[in-house]
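Note: the block below is data_10.pdb and it holds PDB, C-alpha atoms.
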ATOM      1  CA  MET I   1      71.373 111.816 -31.189
ATOM      2  CA  ASN I   2      69.507 109.965 -33.933
ATOM      3  CA  ARG I   3      72.051 108.390 -36.290
ATOM      4  CA  ILE I   4      69.476 106.617 -38.461
ATOM      5  CA  GLY I   5      69.811 107.570 -42.126
ATOM      6  CA  ARG I   6      73.238 109.143 -41.680
ATOM      7  CA  ARG I   7      76.301 107.756 -43.415
ATOM      8  CA  GLU I   8      78.675 106.711 -40.672
ATOM      9  CA  VAL I   9      82.168 108.213 -40.555
ATOM     10  CA  ALA I  10      84.916 105.726 -41.478
ATOM     11  CA  ARG I  11      87.140 105.578 -38.396
ATOM     12  CA  ARG I  12      90.888 104.984 -38.435
ATOM     13  CA  ILE I  13      92.094 102.112 -36.265
ATOM     14  CA  PHE I  14      95.130  99.835 -36.116
ATOM     15  CA  ALA I  15      94.659  96.100 -36.596
ATOM     16  CA  TYR I  16      95.986  95.360 -33.107
ATOM     17  CA  GLU I  17      93.126  97.254 -31.485
ATOM     18  CA  PHE I  18      90.519  96.225 -34.056
ATOM     19  CA  ASN I  19      91.184  92.536 -33.435
ATOM     20  CA  ARG I  20      90.624  93.076 -29.707
ATOM     21  CA  SER I  21      87.327  94.891 -30.219
ATOM     22  CA  THR I  22      84.770  92.318 -29.107
ATOM     23  CA  HIS I  23      81.901  94.344 -27.648
ATOM     24  CA  LYS I  24      78.898  95.089 -29.843
ATOM     25  CA  ILE I  25      76.614  98.072 -29.209
ATOM     26  CA  GLU I  26      73.080  97.764 -30.531
ATOM     27  CA  SER I  27      70.321 100.327 -30.374
ATOM     28  CA  LYS I  28      66.687  99.521 -29.700
ATOM     29  CA  GLU I  29      65.707 101.858 -32.540
ATOM     30  CA  GLU I  30      64.628 100.113 -35.727
ATOM     31  CA  LYS I  31      67.235 100.032 -38.543
ATOM     32  CA  SER I  32      69.804 101.819 -36.384
ATOM     33  CA  PRO I  33      73.493 101.020 -37.001
ATOM     34  CA  ILE I  34      75.369  98.383 -35.040
ATOM     35  CA  TYR I  35      78.663  99.519 -33.561
ATOM     36  CA  VAL I  36      81.719  97.766 -32.220
ATOM     37  CA  LEU I  37      83.320  99.391 -29.172
ATOM     38  CA  THR I  38      87.117  99.355 -29.183
ATOM     39  CA  PRO I  39      89.382  99.044 -26.124
ATOM     40  CA  THR I  40      90.272 102.747 -26.353
ATOM     41  CA  GLY I  41      86.653 103.828 -26.244
ATOM     42  CA  MET I  42      85.754 104.377 -29.887
ATOM     43  CA  ARG I  43      82.534 103.059 -31.355
ATOM     44  CA  CYS I  44      82.759 102.287 -35.048
ATOM     45  CA  ASN I  45      80.400 101.097 -37.736
ATOM     46  CA  ARG I  46      82.739 101.806 -40.662
ATOM     47  CA  VAL I  47      86.539 101.973 -40.801
ATOM     48  CA  PHE I  48      89.258 103.220 -43.126
ATOM     49  CA  VAL I  49      92.423 101.116 -43.165
ATOM     50  CA  VAL I  50      95.596 101.019 -45.256
ATOM     51  CA  GLY I  51      97.947  98.086 -45.461
ATOM     52  CA  VAL I  52      99.451  95.299 -47.510
ATOM     53  CA  LEU I  53      97.053  92.823 -49.103
ATOM     54  CA  LEU I  54      98.756  89.615 -47.981
ATOM     55  CA  ASP I  55      96.455  87.201 -49.754
ATOM     56  CA  LYS I  56      92.991  86.644 -51.135
ATOM     57  CA  GLU I  57      91.187  83.323 -51.185
ATOM     58  CA  GLU I  58      87.848  82.310 -52.594
ATOM     59  CA  THR I  59      86.199  80.575 -49.655
ATOM     60  CA  ARG I  60      83.893  78.486 -51.854
ATOM     61  CA  PRO I  61      84.477  77.500 -55.470
ATOM     62  CA  ASP I  62      82.709  79.672 -58.040
ATOM     63  CA  THR I  63      80.971  81.865 -55.474
ATOM     64  CA  ASN I  64      83.025  85.073 -55.823
ATOM     65  CA  PHE I  65      83.081  85.219 -52.022
ATOM     66  CA  TRP I  66      86.636  86.095 -51.017
ATOM     67  CA  ARG I  67      88.521  86.134 -47.746
ATOM     68  CA  ILE I  68      91.296  88.727 -47.583
ATOM     69  CA  ARG I  69      94.018  89.552 -45.103
ATOM     70  CA  VAL I  70      95.407  93.083 -44.911
ATOM     71  CA  SER I  71      98.477  93.823 -42.805
ATOM     72  CA  ASP I  72      99.290  97.113 -41.107
ATOM     73  CA  PRO I  73     102.323  97.665 -38.836
ATOM     74  CA  THR I  74     100.489  96.225 -35.813
ATOM     75  CA  GLY I  75      98.690  93.132 -37.098
ATOM     76  CA  VAL I  76      96.323  91.735 -39.698
ATOM     77  CA  PHE I  77      92.733  92.620 -40.595
ATOM     78  CA  ILE I  78      90.490  89.862 -41.893
ATOM     79  CA  GLY I  79      87.819  90.837 -44.398
ATOM     80  CA  TYR I  80      85.225  89.266 -46.684
ATOM     81  CA  VAL I  81      84.284  90.535 -50.129
ATOM     82  CA  GLY I  82      81.394  89.186 -52.164
ATOM     83  CA  ARG I  83      79.160  90.033 -55.079
ATOM     84  CA  PHE I  84      77.130  92.265 -52.776
ATOM     85  CA  GLN I  85      80.091  94.684 -52.726
ATOM     86  CA  PRO I  86      80.616  95.004 -56.498
ATOM     87  CA  ASP I  87      82.994  97.993 -56.413
ATOM     88  CA  ALA I  88      85.311  96.355 -53.887
ATOM     89  CA  LEU I  89      85.086  92.998 -55.661
ATOM     90  CA  GLU I  90      85.963  94.456 -59.050
ATOM     91  CA  THR I  91      89.165  95.998 -57.683
ATOM     92  CA  LEU I  92      90.056  92.940 -55.625
ATOM     93  CA  LEU I  93      89.896  90.648 -58.643
ATOM     94  CA  GLU I  94      92.393  92.907 -60.442
ATOM     95  CA  VAL I  95      94.893  93.139 -57.571
ATOM     96  CA  GLU I  96      97.535  90.509 -56.879
ATOM     97  CA  PRO I  97      99.171  90.279 -53.435
ATOM     98  CA  PRO I  98     101.321  91.689 -52.073
ATOM     99  CA  GLU I  99      99.995  95.158 -52.833
ATOM    100  CA  LEU I 100      99.395  98.273 -50.766
ATOM    101  CA  ILE I 101      95.680  99.007 -50.632
ATOM    102  CA  ALA I 102      93.298 101.406 -48.916
ATOM    103  CA  VAL I 103      90.005  99.950 -47.742
ATOM    104  CA  VAL I 104      86.776 101.582 -46.597
ATOM    105  CA  ALA I 105      84.690  98.907 -44.915
ATOM    106  CA  LYS I 106      81.707  98.218 -42.745
ATOM    107  CA  VAL I 107      82.541  96.483 -39.484
ATOM    108  CA  ARG I 108      80.970  93.079 -38.958
ATOM    109  CA  HIS I 109      80.746  91.410 -35.565
ATOM    110  CA  PHE I 110      80.262  87.683 -35.136
ATOM    111  CA  GLU I 111      80.176  85.559 -32.034
ATOM    112  CA  GLY I 112      81.628  82.050 -31.913
ATOM    113  CA  GLU I 113      81.355  79.594 -29.061
ATOM    114  CA  THR I 114      84.508  80.812 -27.300
ATOM    115  CA  ARG I 115      85.123  84.361 -28.524
ATOM    116  CA  SER I 116      83.809  87.269 -30.547
ATOM    117  CA  PHE I 117      85.319  88.220 -33.855
ATOM    118  CA  ALA I 118      85.341  91.547 -35.725
ATOM    119  CA  SER I 119      85.927  91.556 -39.476
ATOM    120  CA  LEU I 120      85.777  93.915 -42.435
ATOM    121  CA  ARG I 121      83.199  93.996 -45.196
ATOM    122  CA  PRO I 122      84.919  96.265 -47.733
ATOM    123  CA  GLU I 123      82.791  98.794 -49.573
ATOM    124  CA  SER I 124      85.684 100.094 -51.671
ATOM    125  CA  ILE I 125      89.291  99.082 -52.295
ATOM    126  CA  ALA I 126      91.987 101.164 -53.975
ATOM    127  CA  VAL I 127      95.657 100.543 -54.735
ATOM    128  CA  VAL I 128      97.807 103.212 -53.053
ATOM    129  CA  ASP I 129     101.467 104.100 -52.647
ATOM    130  CA  SER I 130     103.711 104.197 -49.581
ATOM    131  CA  ASP I 131     103.086 107.920 -49.009
ATOM    132  CA  VAL I 132      99.377 107.227 -48.472
ATOM    133  CA  ARG I 133     100.232 104.353 -46.134
ATOM    134  CA  ASP I 134     102.650 106.480 -44.115
ATOM    135  CA  TYR I 135     100.144 109.315 -43.760
ATOM    136  CA  TRP I 136      97.464 106.845 -42.647
ATOM    137  CA  VAL I 137      99.829 105.432 -40.014
ATOM    138  CA  TYR I 138     100.592 108.942 -38.754
ATOM    139  CA  GLU I 139      96.925 109.992 -38.581
ATOM    140  CA  THR I 140      95.826 106.716 -36.999
ATOM    141  CA  ALA I 141      98.583 106.991 -34.398
ATOM    142  CA  LYS I 142      97.533 110.547 -33.543
ATOM    143  CA  LEU I 143      93.868 109.608 -33.200
ATOM    144  CA  THR I 144      94.704 106.547 -31.087
ATOM    145  CA  LEU I 145      96.765 108.672 -28.693
ATOM    146  CA  ASN I 146      93.873 111.130 -28.422
ATOM    147  CA  ARG I 147      91.566 108.271 -27.451
ATOM    148  CA  ILE I 148      94.068 107.034 -24.880
ATOM    149  CA  LYS I 149      94.101 110.489 -23.271
ATOM    150  CA  ALA I 150      90.293 110.517 -23.237
ATOM    151  CA  MET I 151      90.348 107.091 -21.582
ATOM    152  CA  GLU I 152      92.668 108.386 -18.871
ATOM    153  CA  LYS I 153      90.288 111.246 -18.151
ATOM    154  CA  LYS I 154      87.185 109.044 -18.524
ATOM    155  CA  SER I 155      85.784 111.980 -20.434
ATOM    156  CA  SER I 156      82.986 110.200 -22.321
ATOM    157  CA  GLU I 157      80.367 107.513 -21.847
ATOM    158  CA  ASP I 158      82.162 105.303 -24.363
ATOM    159  CA  ALA I 159      85.446 105.677 -22.477
ATOM    160  CA  ILE I 160      83.769 104.649 -19.241
ATOM    161  CA  LEU I 161      82.107 101.702 -20.952
ATOM    162  CA  ALA I 162      85.438 100.623 -22.478
ATOM    163  CA  TRP I 163      86.980 100.588 -18.998
ATOM    164  CA  GLN I 164      84.147  98.390 -17.768
ATOM    165  CA  ILE I 165      84.305  95.993 -20.722
ATOM    166  CA  TYR I 166      88.032  95.758 -21.433
ATOM    167  CA  ASN I 167      89.942  97.342 -18.531
ATOM    168  CA  PRO I 168      92.727  98.006 -21.069
ATOM    169  CA  ASP I 169      96.421  98.451 -20.368
ATOM    170  CA  LEU I 170      96.847 101.890 -21.933
ATOM    171  CA  GLU I 171     100.637 101.611 -21.913
ATOM    172  CA  GLU I 172     100.259  98.563 -24.145
ATOM    173  CA  TYR I 173      98.355 100.639 -26.671
ATOM    174  CA  ARG I 174     100.888 103.465 -26.440
ATOM    175  CA  SER I 175     103.561 100.891 -27.233
ATOM    176  CA  ILE I 176     101.604  99.751 -30.280
ATOM    177  CA  VAL I 177     101.383 103.344 -31.515
ATOM    178  CA  LYS I 178     105.153 103.706 -31.113
ATOM    179  CA  GLN I 179     105.662 100.438 -32.985
ATOM    180  CA  ALA I 180     103.530 101.684 -35.854
ATOM    181  CA  LEU I 181     105.286 105.039 -36.078
ATOM    182  CA  THR I 182     108.674 103.335 -36.096
ATOM    183  CA  THR I 183     107.786 101.625 -39.363
ATOM    184  CA  ILE I 184     107.472 104.939 -41.185
ATOM    185  CA  LEU I 185     110.649 106.341 -39.654
ATOM    186  CA  GLU I 186     112.857 103.358 -40.503
ATOM    187  CA  PRO I 187     113.356 101.453 -43.788
ATOM    188  CA  VAL I 188     110.506  99.036 -44.366
ATOM    189  CA  VAL I 189     112.741  96.282 -45.724
ATOM    190  CA  LYS I 190     115.583  94.988 -43.540
ATOM    191  CA  VAL I 191     118.180  92.355 -44.242
ATOM    192  CA  ARG I 192     118.845  90.075 -41.314
ATOM    193  CA  GLU I 193     120.353  86.611 -40.941
ATOM    194  CA  GLY I 194     120.617  86.129 -44.697
ATOM    195  CA  ARG I 195     116.919  86.778 -45.347
ATOM    196  CA  GLU I 196     115.855  89.408 -47.849
ATOM    197  CA  ALA I 197     113.026  90.794 -45.727
ATOM    198  CA  GLU I 198     111.321  90.447 -42.392
ATOM    199  CA  GLU I 199     108.368  88.121 -42.351
ATOM    200  CA  ILE I 200     105.052  89.764 -41.535
ATOM    201  CA  GLU I 201     103.607  88.563 -38.277
ATOM    202  CA  GLU I 202     100.177  87.254 -39.038
ATOM    203  CA  GLY I 203      98.755  87.448 -35.522
ATOM    204  CA  GLU I 204      96.039  85.356 -33.971
ATOM    205  CA  GLU I 205      93.054  84.051 -35.867
ATOM    206  CA  PRO I 206      89.920  82.635 -34.275
ATOM    207  CA  GLU I 207      89.994  78.890 -33.743
ATOM    208  CA  GLU I 208      86.438  78.683 -35.020
ATOM    209  CA  LEU I 209      87.244  80.581 -38.229
ATOM    210  CA  GLU I 210      85.555  78.052 -40.522
ATOM    211  CA  GLU I 211      82.392  78.217 -38.425
ATOM    212  CA  LEU I 212      82.436  81.998 -38.540
ATOM    213  CA  GLU I 213      83.018  82.035 -42.288
ATOM    214  CA  GLU I 214      79.975  79.808 -42.693
ATOM    215  CA  GLU I 215      77.957  82.259 -40.599
ATOM    216  CA  ILE I 216      79.271  85.221 -42.610
ATOM    217  CA  PHE I 217      78.331  83.563 -45.903
ATOM    218  CA  GLU I 218      74.795  82.880 -44.667
ATOM    219  CA  PHE I 219      74.555  86.432 -43.342
ATOM    220  CA  GLU I 220      75.570  87.860 -46.724
ATOM    221  CA  GLU I 221      72.922  85.791 -48.481
ATOM    222  CA  GLU I 222      70.297  87.008 -46.038
ATOM    223  CA  GLU I 223      71.469  90.596 -46.367
ATOM    224  CA  TRP I 224      71.190  90.464 -50.156
ATOM    225  CA  ASP I 225      67.566  89.412 -49.899
ATOM    226  CA  LEU I 226      66.871  92.295 -47.505
ATOM    227  CA  SER I 227      68.607  94.849 -49.719
ATOM    228  CA  ASP I 228      66.609  93.630 -52.691
ATOM    229  CA  ILE I 229      63.360  94.106 -50.791
ATOM    230  CA  LEU I 230      64.343  97.609 -49.663
ATOM    231  CA  GLY I 231      65.554  98.525 -53.135
ATOM    232  CA  GLU I 232      68.978  99.559 -51.911
TER     233      GLU I 232
END
Render the structure in this file as structure tokens.
Amino acid sequence: MNRIGRREVARRIFAYEFNRSTHKIESKEEKSPIYVLTPTGMRCNRVFVVGVLLDKEETRPDTNFWRIRVSDPTGVFIGYVGRFQPDALETLLEVEPPELIAVVAKVRHFEGETRSFASLRPESIAVVDSDVRDYWVYETAKLTLNRIKAMEKKSSEDAILAWQIYNPDLEEYRSIVKQALTTILEPVVKVREGREAEEIEEGEEPEELEELEEEIFEFEEEEWDLSDILGE
């Protein structure tokens, strides 16, 4: 199927799986989308995620190039917003962490010396309430379980490829789905050992993060030039 010229569907995925999605799928066709294959056999070019904006940081002074971290019940997404995403940037500058947000983003894939790294390039950001977050968790859990079943049956080329690339422990991903669903069935805030709330686990970040951020910044500059030429 020729996907060129089509707007890619924004897929729902938990941070735990997204951060373990290291395989890039490229087509030989000119200007075709680049996809990241996830451990449960989903290829994605765009994603839709909902979570808490933990922080935002301008990576270079006076550049309006921001690094964000967005937490869902399973981990943390890392994303980059710059002047080439004006709608997302406008909202981001008005939002102060912590805040529940919904993000539609392109998936970016970068390769460091020791590991690959998937990140978000938000196209749009919106402040949402807990009902939106809970529904997103429910839908994402349902879709993840459907992919797990497809993996068990090896019912698609992407499922077979995911087995070859990742050889995933499907019970691990079922456990993550259960963990996510638990957060919408129990109170979000708990009091334990004299603390007002549970700390959010930040998860692993690439050791070569600064190197990757440098590469992302250069990529964005290059992409702006290309967009200008194409008139997009």
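The space between CA of Asp134 (chain I) and CA of Arg147 (chain I) spans 20.1 Å.
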Open item on the list: As a check of understanding, name the residues that the PyMOL selection byres ((chain I and resi 83-92) around 7) selects in the supplied structure, as a list in words.
Closed with: Asn64, Phe65, Val81, Gly82, Leu93, Glu94, Val95, Pro122, Glu123, Ser124, Ile125, Ala126 and Trp224 of chain I
Selection from above, C-alpha atoms, as an mmCIF file, in the frame of the given file, can you write it?
data_model
loop_
_atom_site.group_PDB
_atom_site.id
_atom_site.type_symbol
_atom_site.label_atom_id
_atom_site.label_comp_id
_atom_site.auth_asym_id
_atom_site.auth_seq_id
_atom_site.Cartn_x
_atom_site.Cartn_y
_atom_site.Cartn_z
ATOM 1 C CA ASN I 64 83.025 85.073 -55.823
ATOM 2 C CA PHE I 65 83.081 85.219 -52.022
ATOM 3 C CA VAL I 81 84.284 90.535 -50.129
ATOM 4 C CA GLY I 82 81.394 89.186 -52.164
ATOM 5 C CA LEU I 93 89.896 90.648 -58.643
ATOM 6 C CA GLU I 94 92.393 92.907 -60.442
ATOM 7 C CA VAL I 95 94.893 93.139 -57.571
ATOM 8 C CA PRO I 122 84.919 96.265 -47.733
ATOM 9 C CA GLU I 123 82.791 98.794 -49.573
ATOM 10 C CA SER I 124 85.684 100.094 -51.671
ATOM 11 C CA ILE I 125 89.291 99.082 -52.295
ATOM 12 C CA ALA I 126 91.987 101.164 -53.975
ATOM 13 C CA TRP I 224 71.190 90.464 -50.156
#
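Closest approach to Val132 (chain I) from the set I:Ala159, I:Phe117, I:Gly51, I:Glu57 is made by I:Gly51, with distances taken over only C-alpha atoms.
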Extending 6 Å beyond the listed atoms of region 167-177 of chain I on each side, what axis-aligned box results? I want centre and edge lengths in Å to one decimal, as JSON.
{"center_x": 96.8, "center_y": 100.4, "center_z": -25.0, "size_x": 25.6, "size_y": 18.1, "size_z": 25.0}
Task: Target residues per the PyMOL selection byres ((chain I and resi 137-143) around 6), formatted as a PyMOL selection string - done: chain I and resi 12-13+134-136+144-146+177
Kindly export the residues of the current selection with C-alpha atoms, as a PDB file, in the frame of the given file.
ATOM      1  CA  ARG I  12      90.888 104.984 -38.435  1.00  0.00           C
ATOM      2  CA  ILE I  13      92.094 102.112 -36.265  1.00  0.00           C
ATOM      3  CA  ASP I 134     102.650 106.480 -44.115  1.00  0.00           C
ATOM      4  CA  TYR I 135     100.144 109.315 -43.760  1.00  0.00           C
ATOM      5  CA  TRP I 136      97.464 106.845 -42.647  1.00  0.00           C
ATOM      6  CA  THR I 144      94.704 106.547 -31.087  1.00  0.00           C
ATOM      7  CA  LEU I 145      96.765 108.672 -28.693  1.00  0.00           C
ATOM      8  CA  ASN I 146      93.873 111.130 -28.422  1.00  0.00           C
ATOM      9  CA  VAL I 177     101.383 103.344 -31.515  1.00  0.00           C
TER      10      VAL I 177
END
TODO: Pick out the residues sitting within 7 Å of Thr22 (chain I), and hand them over as a PyMOL selection string; count all atoms listed in the file, and ignore anything fewer than 5 positions along from it in its own chain.
DONE: chain I and resi 36+116-118
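The space separating CA of Thr40 (chain I) from CA of Ile25 (chain I) comes to 14.7 Å.
Going from CA of Val9 (chain I) to CA of Val49 (chain I) covers 12.7 Å.
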Repaired coordinates for region 59-83 of chain I (N, CA and C atoms) as a PDB file, keeping the file's coordinate frame:
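What follows is the written file selection_12.pdb:
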ATOM      1  N   THR I  59      86.516  81.521 -50.722  1.00  0.00           N
ATOM      2  CA  THR I  59      86.199  80.575 -49.655  1.00  0.00           C
ATOM      3  C   THR I  59      85.392  79.387 -50.144  1.00  0.00           C
ATOM      4  N   ARG I  60      84.638  79.576 -51.239  1.00  0.00           N
ATOM      5  CA  ARG I  60      83.893  78.486 -51.854  1.00  0.00           C
ATOM      6  C   ARG I  60      84.069  78.584 -53.355  1.00  0.00           C
ATOM      7  N   PRO I  61      84.256  77.457 -54.021  1.00  0.00           N
ATOM      8  CA  PRO I  61      84.477  77.500 -55.470  1.00  0.00           C
ATOM      9  C   PRO I  61      83.313  78.171 -56.213  1.00  0.00           C
ATOM     10  N   ASP I  62      83.682  79.048 -57.126  1.00  0.00           N
ATOM     11  CA  ASP I  62      82.709  79.672 -58.040  1.00  0.00           C
ATOM     12  C   ASP I  62      81.622  80.481 -57.341  1.00  0.00           C
ATOM     13  N   THR I  63      81.949  81.037 -56.177  1.00  0.00           N
ATOM     14  CA  THR I  63      80.971  81.865 -55.474  1.00  0.00           C
ATOM     15  C   THR I  63      81.301  83.351 -55.534  1.00  0.00           C
ATOM     16  N   ASN I  64      82.558  83.686 -55.900  1.00  0.00           N
ATOM     17  CA  ASN I  64      83.025  85.073 -55.823  1.00  0.00           C
ATOM     18  C   ASN I  64      82.872  85.633 -54.412  1.00  0.00           C
ATOM     19  N   PHE I  65      83.084  84.797 -53.426  1.00  0.00           N
ATOM     20  CA  PHE I  65      83.081  85.219 -52.022  1.00  0.00           C
ATOM     21  C   PHE I  65      84.494  85.011 -51.506  1.00  0.00           C
ATOM     22  N   TRP I  66      85.198  86.132 -51.261  1.00  0.00           N
ATOM     23  CA  TRP I  66      86.636  86.095 -51.017  1.00  0.00           C
ATOM     24  C   TRP I  66      86.982  86.495 -49.584  1.00  0.00           C
ATOM     25  N   ARG I  67      87.925  85.779 -49.038  1.00  0.00           N
ATOM     26  CA  ARG I  67      88.521  86.134 -47.746  1.00  0.00           C
ATOM     27  C   ARG I  67      89.845  86.826 -48.025  1.00  0.00           C
ATOM     28  N   ILE I  68      90.042  87.989 -47.396  1.00  0.00           N
ATOM     29  CA  ILE I  68      91.296  88.727 -47.583  1.00  0.00           C
ATOM     30  C   ILE I  68      91.957  88.970 -46.240  1.00  0.00           C
ATOM     31  N   ARG I  69      93.272  89.148 -46.288  1.00  0.00           N
ATOM     32  CA  ARG I  69      94.018  89.552 -45.103  1.00  0.00           C
ATOM     33  C   ARG I  69      94.857  90.769 -45.471  1.00  0.00           C
ATOM     34  N   VAL I  70      94.718  91.815 -44.665  1.00  0.00           N
ATOM     35  CA  VAL I  70      95.407  93.083 -44.911  1.00  0.00           C
ATOM     36  C   VAL I  70      96.252  93.422 -43.689  1.00  0.00           C
ATOM     37  N   SER I  71      97.549  93.612 -43.912  1.00  0.00           N
ATOM     38  CA  SER I  71      98.477  93.823 -42.805  1.00  0.00           C
ATOM     39  C   SER I  71      98.858  95.282 -42.655  1.00  0.00           C
ATOM     40  N   ASP I  72      98.716  95.806 -41.441  1.00  0.00           N
ATOM     41  CA  ASP I  72      99.290  97.113 -41.107  1.00  0.00           C
ATOM     42  C   ASP I  72     100.478  96.865 -40.171  1.00  0.00           C
ATOM     43  N   PRO I  73     101.138  97.900 -39.661  1.00  0.00           N
ATOM     44  CA  PRO I  73     102.323  97.665 -38.836  1.00  0.00           C
ATOM     45  C   PRO I  73     102.055  96.979 -37.496  1.00  0.00           C
ATOM     46  N   THR I  74     100.799  96.776 -37.139  1.00  0.00           N
ATOM     47  CA  THR I  74     100.489  96.225 -35.813  1.00  0.00           C
ATOM     48  C   THR I  74      99.815  94.863 -35.857  1.00  0.00           C
ATOM     49  N   GLY I  75      99.406  94.406 -37.028  1.00  0.00           N
ATOM     50  CA  GLY I  75      98.690  93.132 -37.098  1.00  0.00           C
ATOM     51  C   GLY I  75      97.992  92.967 -38.426  1.00  0.00           C
ATOM     52  N   VAL I  76      96.989  92.091 -38.448  1.00  0.00           N
ATOM     53  CA  VAL I  76      96.323  91.735 -39.698  1.00  0.00           C
ATOM     54  C   VAL I  76      94.810  91.851 -39.558  1.00  0.00           C
ATOM     55  N   PHE I  77      94.191  92.571 -40.487  1.00  0.00           N
ATOM     56  CA  PHE I  77      92.733  92.620 -40.595  1.00  0.00           C
ATOM     57  C   PHE I  77      92.262  91.445 -41.441  1.00  0.00           C
ATOM     58  N   ILE I  78      91.138  90.873 -41.070  1.00  0.00           N
ATOM     59  CA  ILE I  78      90.490  89.862 -41.893  1.00  0.00           C
ATOM     60  C   ILE I  78      89.217  90.464 -42.469  1.00  0.00           C
ATOM     61  N   GLY I  79      89.000  90.284 -43.763  1.00  0.00           N
ATOM     62  CA  GLY I  79      87.819  90.837 -44.398  1.00  0.00           C
ATOM     63  C   GLY I  79      87.205  89.854 -45.377  1.00  0.00           C
ATOM     64  N   TYR I  80      85.956  90.128 -45.757  1.00  0.00           N
ATOM     65  CA  TYR I  80      85.225  89.266 -46.684  1.00  0.00           C
ATOM     66  C   TYR I  80      84.574  90.132 -47.747  1.00  0.00           C
ATOM     67  N   VAL I  81      84.808  89.779 -48.998  1.00  0.00           N
ATOM     68  CA  VAL I  81      84.284  90.535 -50.129  1.00  0.00           C
ATOM     69  C   VAL I  81      83.471  89.594 -51.009  1.00  0.00           C
ATOM     70  N   GLY I  82      82.249  90.005 -51.311  1.00  0.00           N
ATOM     71  CA  GLY I  82      81.394  89.186 -52.164  1.00  0.00           C
ATOM     72  C   GLY I  82      80.722  89.999 -53.234  1.00  0.00           C
ATOM     73  N   ARG I  83      79.829  89.363 -53.961  1.00  0.00           N
ATOM     74  CA  ARG I  83      79.160  90.033 -55.079  1.00  0.00           C
ATOM     75  C   ARG I  83      78.218  91.138 -54.607  1.00  0.00           C
TER      76      ARG I  83
END
